[in-house]
>>> print(open('input.cif').read())   # mmCIF, C-alpha atoms
data_upload
loop_
_atom_site.group_PDB
_atom_site.id
_atom_site.type_symbol
_atom_site.label_atom_id
_atom_site.label_comp_id
_atom_site.auth_asym_id
_atom_site.auth_seq_id
_atom_site.Cartn_x
_atom_site.Cartn_y
_atom_site.Cartn_z
ATOM 1 C CA ILE A 3 0.000 0.000 0.000
ATOM 2 C CA LYS A 4 1.308 3.426 -0.958
ATOM 3 C CA ILE A 5 -0.118 6.761 0.151
ATOM 4 C CA VAL A 6 -0.448 9.493 -2.451
ATOM 5 C CA LYS A 7 -1.068 12.919 -0.917
ATOM 6 C CA ASN A 8 -3.171 15.480 -2.779
ATOM 7 C CA LEU A 9 -0.266 17.924 -3.047
ATOM 8 C CA PRO A 10 -0.152 21.253 -4.906
ATOM 9 C CA GLY A 11 0.512 21.489 -8.623
ATOM 10 C CA ASN A 12 3.455 23.263 -10.251
ATOM 11 C CA ASN A 13 1.489 26.512 -10.381
ATOM 12 C CA PHE A 14 2.097 26.974 -6.629
ATOM 13 C CA LEU A 15 5.858 27.187 -7.144
ATOM 14 C CA ASN A 16 6.945 30.809 -7.691
ATOM 15 C CA PRO A 17 3.560 32.077 -8.930
ATOM 16 C CA ASN A 18 2.817 35.612 -10.057
ATOM 17 C CA SER A 19 1.239 37.816 -7.397
ATOM 18 C CA MET A 20 -2.251 39.325 -7.524
ATOM 19 C CA ASP A 21 -1.004 42.096 -5.180
ATOM 20 C CA LEU A 22 -3.653 41.699 -2.494
ATOM 21 C CA LYS A 23 -2.633 44.864 -0.683
ATOM 22 C CA LYS A 24 -3.383 46.945 -3.736
ATOM 23 C CA MET A 25 -6.507 44.959 -4.626
ATOM 24 C CA LEU A 26 -8.032 45.218 -1.146
ATOM 25 C CA CYS A 27 -6.553 48.604 -0.159
ATOM 26 C CA ILE A 28 -4.585 47.059 2.705
ATOM 27 C CA ASN A 29 -1.931 49.218 4.338
ATOM 28 C CA GLU A 30 1.560 48.432 3.102
ATOM 29 C CA GLU A 31 2.874 47.919 6.647
ATOM 30 C CA ASP A 32 0.207 45.324 7.509
ATOM 31 C CA ASP A 33 0.984 41.600 7.563
ATOM 32 C CA ILE A 34 -1.539 39.508 5.630
ATOM 33 C CA LEU A 35 -2.829 36.386 7.365
ATOM 34 C CA ILE A 36 -4.605 34.152 4.845
ATOM 35 C CA TYR A 37 -7.149 31.387 5.203
ATOM 36 C CA GLN A 38 -8.170 29.665 1.975
ATOM 37 C CA GLY A 39 -10.966 27.101 1.938
ATOM 38 C CA LYS A 40 -14.549 26.545 2.978
ATOM 39 C CA PHE A 41 -16.267 28.744 5.537
ATOM 40 C CA HIS A 42 -17.633 25.930 7.675
ATOM 41 C CA GLU A 43 -18.028 25.299 11.400
ATOM 42 C CA GLY A 44 -14.815 24.086 13.004
ATOM 43 C CA ARG A 45 -12.359 25.973 10.784
ATOM 44 C CA GLY A 46 -11.226 28.226 13.636
ATOM 45 C CA ILE A 47 -11.830 31.524 11.859
ATOM 46 C CA ARG A 48 -13.818 33.135 14.676
ATOM 47 C CA PHE A 49 -10.991 32.178 17.033
ATOM 48 C CA VAL A 50 -8.481 33.897 14.720
ATOM 49 C CA ILE A 51 -10.649 37.010 14.520
ATOM 50 C CA GLN A 52 -10.623 37.155 18.316
ATOM 51 C CA CYS A 53 -6.832 36.740 18.370
ATOM 52 C CA ILE A 54 -6.088 39.552 15.925
ATOM 53 C CA THR A 55 -7.685 42.049 18.301
ATOM 54 C CA LYS A 56 -4.430 41.740 20.262
ATOM 55 C CA LEU A 57 -2.136 42.286 17.267
ATOM 56 C CA LYS A 58 -1.179 45.438 15.392
ATOM 57 C CA ASN A 59 -0.741 45.894 11.652
ATOM 58 C CA ILE A 60 -2.666 42.764 10.707
ATOM 59 C CA ALA A 61 -5.046 42.063 7.826
ATOM 60 C CA LEU A 62 -7.012 38.799 7.796
ATOM 61 C CA VAL A 63 -7.901 37.713 4.256
ATOM 62 C CA LEU A 64 -10.421 34.885 3.848
ATOM 63 C CA ILE A 65 -10.575 33.264 0.419
ATOM 64 C CA GLY A 66 -13.510 30.959 -0.247
ATOM 65 C CA ASP A 67 -17.186 30.621 0.529
ATOM 66 C CA GLY A 68 -19.595 28.840 2.834
ATOM 67 C CA PRO A 69 -22.363 29.224 5.402
ATOM 68 C CA MET A 70 -20.208 30.759 8.166
ATOM 69 C CA LYS A 71 -19.432 34.040 6.384
ATOM 70 C CA ILE A 72 -22.162 35.955 8.210
ATOM 71 C CA GLN A 73 -20.931 34.641 11.574
ATOM 72 C CA TYR A 74 -17.399 35.764 10.716
ATOM 73 C CA LEU A 75 -18.673 39.261 9.963
ATOM 74 C CA GLU A 76 -20.655 39.324 13.204
ATOM 75 C CA THR A 77 -17.592 38.216 15.169
ATOM 76 C CA ALA A 78 -15.487 40.930 13.550
ATOM 77 C CA LYS A 79 -18.112 43.525 14.505
ATOM 78 C CA LYS A 80 -18.262 42.171 18.050
ATOM 79 C CA TYR A 81 -14.507 42.639 18.487
ATOM 80 C CA LYS A 82 -14.427 45.872 16.435
ATOM 81 C CA VAL A 83 -11.961 44.577 13.850
ATOM 82 C CA GLU A 84 -14.132 44.899 10.728
ATOM 83 C CA ASP A 85 -11.385 47.021 9.171
ATOM 84 C CA LYS A 86 -8.948 44.105 9.498
ATOM 85 C CA LEU A 87 -11.180 41.509 7.818
ATOM 86 C CA PHE A 88 -11.281 41.032 4.038
ATOM 87 C CA PHE A 89 -13.148 38.503 1.889
ATOM 88 C CA ILE A 90 -12.378 37.140 -1.568
ATOM 89 C CA ASP A 91 -14.884 34.815 -3.204
ATOM 90 C CA ALA A 92 -13.722 31.313 -4.107
ATOM 91 C CA VAL A 93 -11.349 31.381 -7.070
ATOM 92 C CA PRO A 94 -10.447 28.644 -9.588
ATOM 93 C CA TYR A 95 -7.831 26.374 -8.067
ATOM 94 C CA LYS A 96 -5.307 27.128 -10.818
ATOM 95 C CA GLN A 97 -5.442 30.805 -9.827
ATOM 96 C CA LEU A 98 -5.349 30.281 -6.049
ATOM 97 C CA SER A 99 -1.554 30.321 -5.890
ATOM 98 C CA GLN A 100 -1.544 33.926 -7.122
ATOM 99 C CA PHE A 101 -3.404 34.871 -3.948
ATOM 100 C CA SER A 102 -1.552 32.488 -1.613
ATOM 101 C CA VAL A 103 1.819 33.963 -2.542
ATOM 102 C CA ASP A 104 0.830 37.297 -0.976
ATOM 103 C CA ALA A 105 0.321 35.738 2.452
ATOM 104 C CA TYR A 106 2.694 36.670 5.235
ATOM 105 C CA ILE A 107 1.340 33.719 7.231
ATOM 106 C CA GLY A 108 -1.114 31.006 6.188
ATOM 107 C CA LEU A 109 -3.736 29.722 8.636
ATOM 108 C CA SER A 110 -5.314 26.337 9.299
ATOM 109 C CA MET A 111 -6.823 26.440 12.778
ATOM 110 C CA ILE A 112 -8.959 23.307 12.405
ATOM 111 C CA GLN A 113 -10.952 22.414 15.532
ATOM 112 C CA PRO A 114 -11.496 18.756 16.573
ATOM 113 C CA VAL A 115 -15.276 18.839 16.057
ATOM 114 C CA SER A 116 -15.298 15.400 14.411
ATOM 115 C CA LYS A 117 -13.013 12.414 13.808
ATOM 116 C CA SER A 118 -12.463 13.644 10.267
ATOM 117 C CA TYR A 119 -11.279 17.028 11.503
ATOM 118 C CA GLU A 120 -9.174 15.460 14.270
ATOM 119 C CA HIS A 121 -7.125 13.586 11.669
ATOM 120 C CA ALA A 122 -7.197 16.235 8.947
ATOM 121 C CA LEU A 123 -4.164 17.102 6.842
ATOM 122 C CA PRO A 124 -5.465 20.014 4.745
ATOM 123 C CA ASN A 125 -4.046 20.720 1.300
ATOM 124 C CA LYS A 126 -3.560 24.326 2.341
ATOM 125 C CA LEU A 127 -0.620 23.399 4.611
ATOM 126 C CA PHE A 128 1.325 22.258 1.558
ATOM 127 C CA GLU A 129 0.062 25.116 -0.607
ATOM 128 C CA TYR A 130 1.315 27.679 1.909
ATOM 129 C CA ALA A 131 4.666 25.910 2.205
ATOM 130 C CA VAL A 132 5.250 25.706 -1.543
ATOM 131 C CA THR A 133 4.345 29.366 -2.123
ATOM 132 C CA GLY A 134 6.679 30.388 0.707
ATOM 133 C CA ALA A 135 4.357 31.356 3.562
ATOM 134 C CA PRO A 136 4.901 30.062 7.110
ATOM 135 C CA THR A 137 1.852 28.517 8.776
ATOM 136 C CA ILE A 138 0.070 28.741 12.091
ATOM 137 C CA CYS A 139 -2.093 25.659 12.500
ATOM 138 C CA SER A 140 -3.755 23.438 15.066
ATOM 139 C CA ASN A 141 -1.580 20.830 16.748
ATOM 140 C CA LEU A 142 -3.851 17.981 15.696
ATOM 141 C CA PRO A 143 -1.809 14.830 14.943
ATOM 142 C CA ALA A 144 -1.365 14.873 11.157
ATOM 143 C CA MET A 145 -0.985 18.635 10.943
ATOM 144 C CA ASN A 146 1.473 18.730 13.814
ATOM 145 C CA ASP A 147 3.568 15.988 12.188
ATOM 146 C CA MET A 148 3.721 17.843 8.871
ATOM 147 C CA ILE A 149 4.681 21.164 10.446
ATOM 148 C CA ASN A 150 7.393 19.553 12.567
ATOM 149 C CA LYS A 151 8.765 17.449 9.707
ATOM 150 C CA TYR A 152 9.240 20.354 7.321
ATOM 151 C CA HIS A 153 9.557 23.165 9.904
ATOM 152 C CA THR A 154 7.154 25.350 7.934
ATOM 153 C CA GLY A 155 5.418 27.019 10.866
ATOM 154 C CA ILE A 156 4.109 26.551 14.379
ATOM 155 C CA ALA A 157 1.338 24.213 15.584
ATOM 156 C CA ILE A 158 -0.655 25.271 18.649
ATOM 157 C CA ASN A 159 -3.713 24.222 20.605
ATOM 158 C CA HIS A 160 -6.767 25.124 18.537
ATOM 159 C CA ASN A 161 -8.210 27.477 21.203
ATOM 160 C CA ASP A 162 -5.040 28.892 22.768
ATOM 161 C CA GLU A 163 -5.201 32.636 22.168
ATOM 162 C CA ILE A 164 -1.883 33.351 23.881
ATOM 163 C CA GLY A 165 -0.317 30.505 21.901
ATOM 164 C CA PHE A 166 -1.541 32.044 18.645
ATOM 165 C CA ILE A 167 -0.163 35.470 19.506
ATOM 166 C CA ASP A 168 3.179 33.971 20.590
ATOM 167 C CA ALA A 169 3.336 31.889 17.386
ATOM 168 C CA TYR A 170 2.798 34.989 15.262
ATOM 169 C CA LYS A 171 5.494 36.913 17.130
ATOM 170 C CA THR A 172 7.950 34.001 16.944
ATOM 171 C CA ILE A 173 7.454 33.616 13.194
ATOM 172 C CA LYS A 174 7.815 37.368 12.693
ATOM 173 C CA GLU A 175 11.087 37.424 14.618
ATOM 174 C CA ASN A 176 12.505 34.358 12.833
ATOM 175 C CA TYR A 177 10.672 34.532 9.523
ATOM 176 C CA ASP A 178 13.284 33.037 7.194
ATOM 177 C CA ASP A 179 13.643 29.969 9.431
ATOM 178 C CA TYR A 180 10.149 28.851 8.381
ATOM 179 C CA ILE A 181 10.582 29.274 4.613
ATOM 180 C CA LEU A 182 11.392 26.112 2.683
ATOM 181 C CA ASN A 183 14.272 26.138 0.240
ATOM 182 C CA GLU A 184 13.574 25.570 -3.452
ATOM 183 C CA LEU A 185 14.425 21.869 -3.375
ATOM 184 C CA ASP A 186 12.107 21.138 -0.459
ATOM 185 C CA ARG A 187 9.315 23.119 -2.081
ATOM 186 C CA GLN A 188 9.667 21.057 -5.229
ATOM 187 C CA SER A 189 9.505 17.838 -3.190
ATOM 188 C CA LEU A 190 6.003 18.875 -2.060
ATOM 189 C CA LEU A 191 4.636 19.186 -5.591
ATOM 190 C CA TRP A 192 2.172 16.592 -6.848
ATOM 191 C CA ASN A 193 4.154 15.454 -9.900
ATOM 192 C CA ASN A 194 7.464 15.090 -8.071
ATOM 193 C CA SER A 195 5.905 13.242 -5.145
ATOM 194 C CA LEU A 196 4.033 10.885 -7.465
ATOM 195 C CA ASN A 197 7.194 10.108 -9.426
ATOM 196 C CA GLU A 198 9.041 9.265 -6.208
ATOM 197 C CA ILE A 199 6.307 6.824 -5.206
ATOM 198 C CA ILE A 200 6.223 5.205 -8.640
ATOM 199 C CA ASN A 201 10.011 4.771 -8.631
ATOM 200 C CA GLU A 202 10.204 3.274 -5.124
#
>>> encode(input="input.cif", output="structure tokens")
Amino acid sequence: IKIVKNLPGNNFLNPNSMDLKKMLCINEEDDILIYQGKFHEGRGIRFVIQCITKLKNIALVLIGDGPMKIQYLETAKKYKVEDKLFFIDAVPYKQLSQFSVDAYIGLSMIQPVSKSYEHALPNKLFEYAVTGAPTICSNLPAMNDMINKYHTGIAINHNDEIGFIDAYKTIKENYDDYILNELDRQSLLWNNSLNEIINE
């Protein structure tokens, strides 16, 4: 039995930028935190919105769609950070890398609301890594293993606000330490990974 991961395509390696700061009128000095995916319960977005109230010069960009969008807006209003929250509708997957590459940090704060979520290994972890963005994610088993193996970010408890803030500050202070080199990025591409498995 061989496991084939649903890894990013070549378009995630050194993609052209959509220039999100210009597109969304985000201040140049702000760091963009990106979440890309479905807006569903258990994705940890409301937790992140709460956390960014304690951080300066932050823009949270959510790319996707789903039933939780209204709740995200309500949470942002509750914590008075509407000006830090930006939405982009779901984009074709082949174009997603052009948005991902503008991330300062990628997010995947999955909450263990089901067995499926507990053992999740989202594609976005690899997409962030290949485009060159460090990640803050939940320390659920598969995600924690990936982050530790490749050293592409920091995994924390899914509801640890202080842990999130500390993770952001640690990445900011040691940013280059969490960026994969070109060879490692290429190893996380679908075609290269598949060829390695075939040739084993």
>>> residues_around(input="input.cif", residues="A:Phe49", least_positions_apart="2", cutoff="12 Å", atoms="only C-alpha atoms", output="ChimeraX atom specification")
/A:43-47,51-55,73-74,77-78,81,109-113,139-140,159-167
>>> closest_residue(input="input.cif", among="A:His153, A:Lys24, A:Lys117, A:Lys71", to="A:His42", atoms="all atoms listed in the file")
A:Lys71
>>> residues_near_point(input="input.cif", point="(1.7, 37.7, -5.1)", cutoff="9 Å", atoms="only C-alpha atoms", output="list in words")
Pro17, Asn18, Ser19, Met20, Asp21, Leu22, Ser99, Gln100, Phe101, Ser102, Val103, Asp104 and Ala105 of chain A
>>> write_last_selection(input="input.cif", atoms="C-alpha atoms", output="mmCIF file, in the coordinates of the input")
data_model
loop_
_atom_site.group_PDB
_atom_site.id
_atom_site.type_symbol
_atom_site.label_atom_id
_atom_site.label_comp_id
_atom_site.auth_asym_id
_atom_site.auth_seq_id
_atom_site.Cartn_x
_atom_site.Cartn_y
_atom_site.Cartn_z
ATOM 1 C CA PRO A 17 3.560 32.077 -8.930
ATOM 2 C CA ASN A 18 2.817 35.612 -10.057
ATOM 3 C CA SER A 19 1.239 37.816 -7.397
ATOM 4 C CA MET A 20 -2.251 39.325 -7.524
ATOM 5 C CA ASP A 21 -1.004 42.096 -5.180
ATOM 6 C CA LEU A 22 -3.653 41.699 -2.494
ATOM 7 C CA SER A 99 -1.554 30.321 -5.890
ATOM 8 C CA GLN A 100 -1.544 33.926 -7.122
ATOM 9 C CA PHE A 101 -3.404 34.871 -3.948
ATOM 10 C CA SER A 102 -1.552 32.488 -1.613
ATOM 11 C CA VAL A 103 1.819 33.963 -2.542
ATOM 12 C CA ASP A 104 0.830 37.297 -0.976
ATOM 13 C CA ALA A 105 0.321 35.738 2.452
#
>>> resolve_selection(input="input.cif", expression="the PyMOL selection byres ((chain A and resi 184) around 10)", output="NGL selection string")
:A and (15-16 or 132 or 134 or 181-183 or 185-189)
>>> resolve_selection(input="input.cif", expression="the PyMOL selection byres ((chain A and resi 39) around 8)", output="PDB file with C-alpha atoms, in the frame of the given file")
ATOM      1  CA  TYR A  37      -7.149  31.387   5.203  1.00  0.00           C
ATOM      2  CA  GLN A  38      -8.170  29.665   1.975  1.00  0.00           C
ATOM      3  CA  LYS A  40     -14.549  26.545   2.978  1.00  0.00           C
ATOM      4  CA  PHE A  41     -16.267  28.744   5.537  1.00  0.00           C
ATOM      5  CA  ILE A  65     -10.575  33.264   0.419  1.00  0.00           C
ATOM      6  CA  GLY A  66     -13.510  30.959  -0.247  1.00  0.00           C
ATOM      7  CA  ASP A  67     -17.186  30.621   0.529  1.00  0.00           C
ATOM      8  CA  ALA A  92     -13.722  31.313  -4.107  1.00  0.00           C
ATOM      9  CA  LYS A 126      -3.560  24.326   2.341  1.00  0.00           C
TER      10      LYS A 126
END
>>> closest_residue(input="input.cif", among="A:Ile156, A:Ile28, A:Val50, A:Ile107", to="A:Thr133", atoms="only C-alpha atoms")
A:Ile107
